[in-house]
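Asker: A single structure is presented below for examination.
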Amino acid sequence: MNEREQIKQVWKQEYNEAAEAAAKTERSGNYYQAAELWKKAKEKALNLSQKEWCKRRYQYCISWASRREK
């Protein structure tokens, strides 16, 4: 495995870990924290599809967090 492939593997692992943490936090109902984790996962996304998914989850969590405060 060359250096570029190794870097891609590390980023893929970091994205997967960030997205899993965000999803777990979201399922537990901690929407503000989940939104922040989705934002971090977006920074690690490897493609536009992943970035868009993280963006939508972030927006969803912010929406639910603001509803719960009312």
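Ordering of the structure tokens sets the chain letters (A, B, ...); residue numbers start at 1 within each chain; ligands are numbered from 1 in the order shown.
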Give me, as a tab-separated table, each residue of range 26-67 of chain A that comes within 8 Å of range 8-15 of chain A, together with its shortest interatomic pair and the distance in Å at one decimal, counting only C-alpha atoms, with rows ordered by chain and rising residue number.
Answerer:
residue	atom	partner	partner_atom	distance
A:Ala41	CA	A:Tyr15	CA	5.5
A:Lys42	CA	A:Tyr15	CA	7.8
A:Lys44	CA	A:Tyr15	CA	4.9
A:Ala45	CA	A:Tyr15	CA	5.8
A:Leu46	CA	A:Lys12	CA	7.0
Asker: Need to verify the contact set: Asn30 in chain A, 12 Å, only C-alpha atoms, exclusion of same-chain residues closer than 6 positions in sequence. Can you return it as a PyMOL selection string?
Answerer: chain A and resi 21-24+36-37+61-62+64-66+68-69
Asker: I need the residues from that last selection saved to file as a PDB file, in the first residue's frame (with N, CA, C and O atoms), if you can.
Answerer:
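Result file is out28.pdb:
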ATOM      1  N   ALA A  21     -20.267   7.982  15.691  1.00  0.00           N
ATOM      2  CA  ALA A  21     -20.467   8.702  16.957  1.00  0.00           C
ATOM      3  C   ALA A  21     -21.640   9.676  16.836  1.00  0.00           C
ATOM      4  O   ALA A  21     -22.460   9.789  17.748  1.00  0.00           O
ATOM      5  N   ALA A  22     -21.730  10.357  15.702  1.00  0.00           N
ATOM      6  CA  ALA A  22     -22.836  11.299  15.489  1.00  0.00           C
ATOM      7  C   ALA A  22     -24.168  10.567  15.465  1.00  0.00           C
ATOM      8  O   ALA A  22     -25.143  11.002  16.094  1.00  0.00           O
ATOM      9  N   ALA A  23     -24.224   9.454  14.760  1.00  0.00           N
ATOM     10  CA  ALA A  23     -25.468   8.684  14.670  1.00  0.00           C
ATOM     11  C   ALA A  23     -25.886   8.152  16.042  1.00  0.00           C
ATOM     12  O   ALA A  23     -27.071   8.209  16.406  1.00  0.00           O
ATOM     13  N   LYS A  24     -24.941   7.646  16.791  1.00  0.00           N
ATOM     14  CA  LYS A  24     -25.240   7.121  18.129  1.00  0.00           C
ATOM     15  C   LYS A  24     -25.766   8.234  19.032  1.00  0.00           C
ATOM     16  O   LYS A  24     -26.747   8.053  19.762  1.00  0.00           O
ATOM     17  N   GLU A  36     -23.111  18.845  16.205  1.00  0.00           N
ATOM     18  CA  GLU A  36     -21.687  19.180  16.197  1.00  0.00           C
ATOM     19  C   GLU A  36     -20.843  18.008  15.687  1.00  0.00           C
ATOM     20  O   GLU A  36     -19.869  18.206  14.956  1.00  0.00           O
ATOM     21  N   LEU A  37     -21.234  16.803  16.047  1.00  0.00           N
ATOM     22  CA  LEU A  37     -20.502  15.630  15.571  1.00  0.00           C
ATOM     23  C   LEU A  37     -20.701  15.427  14.071  1.00  0.00           C
ATOM     24  O   LEU A  37     -19.762  15.020  13.364  1.00  0.00           O
ATOM     25  N   CYS A  61     -30.743  17.516  12.979  1.00  0.00           N
ATOM     26  CA  CYS A  61     -30.485  17.578  14.424  1.00  0.00           C
ATOM     27  C   CYS A  61     -30.731  18.977  14.977  1.00  0.00           C
ATOM     28  O   CYS A  61     -31.324  19.122  16.052  1.00  0.00           O
ATOM     29  N   ILE A  62     -30.311  19.995  14.265  1.00  0.00           N
ATOM     30  CA  ILE A  62     -30.556  21.370  14.707  1.00  0.00           C
ATOM     31  C   ILE A  62     -32.057  21.630  14.775  1.00  0.00           C
ATOM     32  O   ILE A  62     -32.556  22.236  15.728  1.00  0.00           O
ATOM     33  N   TRP A  64     -34.514  19.445  15.252  1.00  0.00           N
ATOM     34  CA  TRP A  64     -35.108  18.741  16.388  1.00  0.00           C
ATOM     35  C   TRP A  64     -34.672  19.342  17.719  1.00  0.00           C
ATOM     36  O   TRP A  64     -35.469  19.405  18.660  1.00  0.00           O
ATOM     37  N   ALA A  65     -33.458  19.777  17.792  1.00  0.00           N
ATOM     38  CA  ALA A  65     -32.980  20.390  19.045  1.00  0.00           C
ATOM     39  C   ALA A  65     -33.777  21.645  19.346  1.00  0.00           C
ATOM     40  O   ALA A  65     -34.167  21.870  20.507  1.00  0.00           O
ATOM     41  N   SER A  66     -34.025  22.459  18.347  1.00  0.00           N
ATOM     42  CA  SER A  66     -34.780  23.698  18.582  1.00  0.00           C
ATOM     43  C   SER A  66     -36.229  23.402  18.916  1.00  0.00           C
ATOM     44  O   SER A  66     -36.845  24.119  19.690  1.00  0.00           O
ATOM     45  N   ARG A  68     -37.309  20.791  20.614  1.00  0.00           N
ATOM     46  CA  ARG A  68     -37.354  20.253  21.974  1.00  0.00           C
ATOM     47  C   ARG A  68     -37.263  21.346  23.024  1.00  0.00           C
ATOM     48  O   ARG A  68     -37.697  21.157  24.149  1.00  0.00           O
ATOM     49  N   GLU A  69     -36.686  22.481  22.662  1.00  0.00           N
ATOM     50  CA  GLU A  69     -36.540  23.576  23.625  1.00  0.00           C
ATOM     51  C   GLU A  69     -37.822  24.368  23.811  1.00  0.00           C
ATOM     52  O   GLU A  69     -37.961  25.092  24.764  1.00  0.00           O
TER      53      GLU A  69
END
Asker: Could you give me, as a list in words, the residues within 10 Å of Arg56 in chain A, counting only C-alpha atoms and dropping anything in the same chain fewer than 6 positions from it?
Answerer: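 Close residues of Arg56 in chain A: Ala35, Trp38, Gln50 and Ile62 of chain A.
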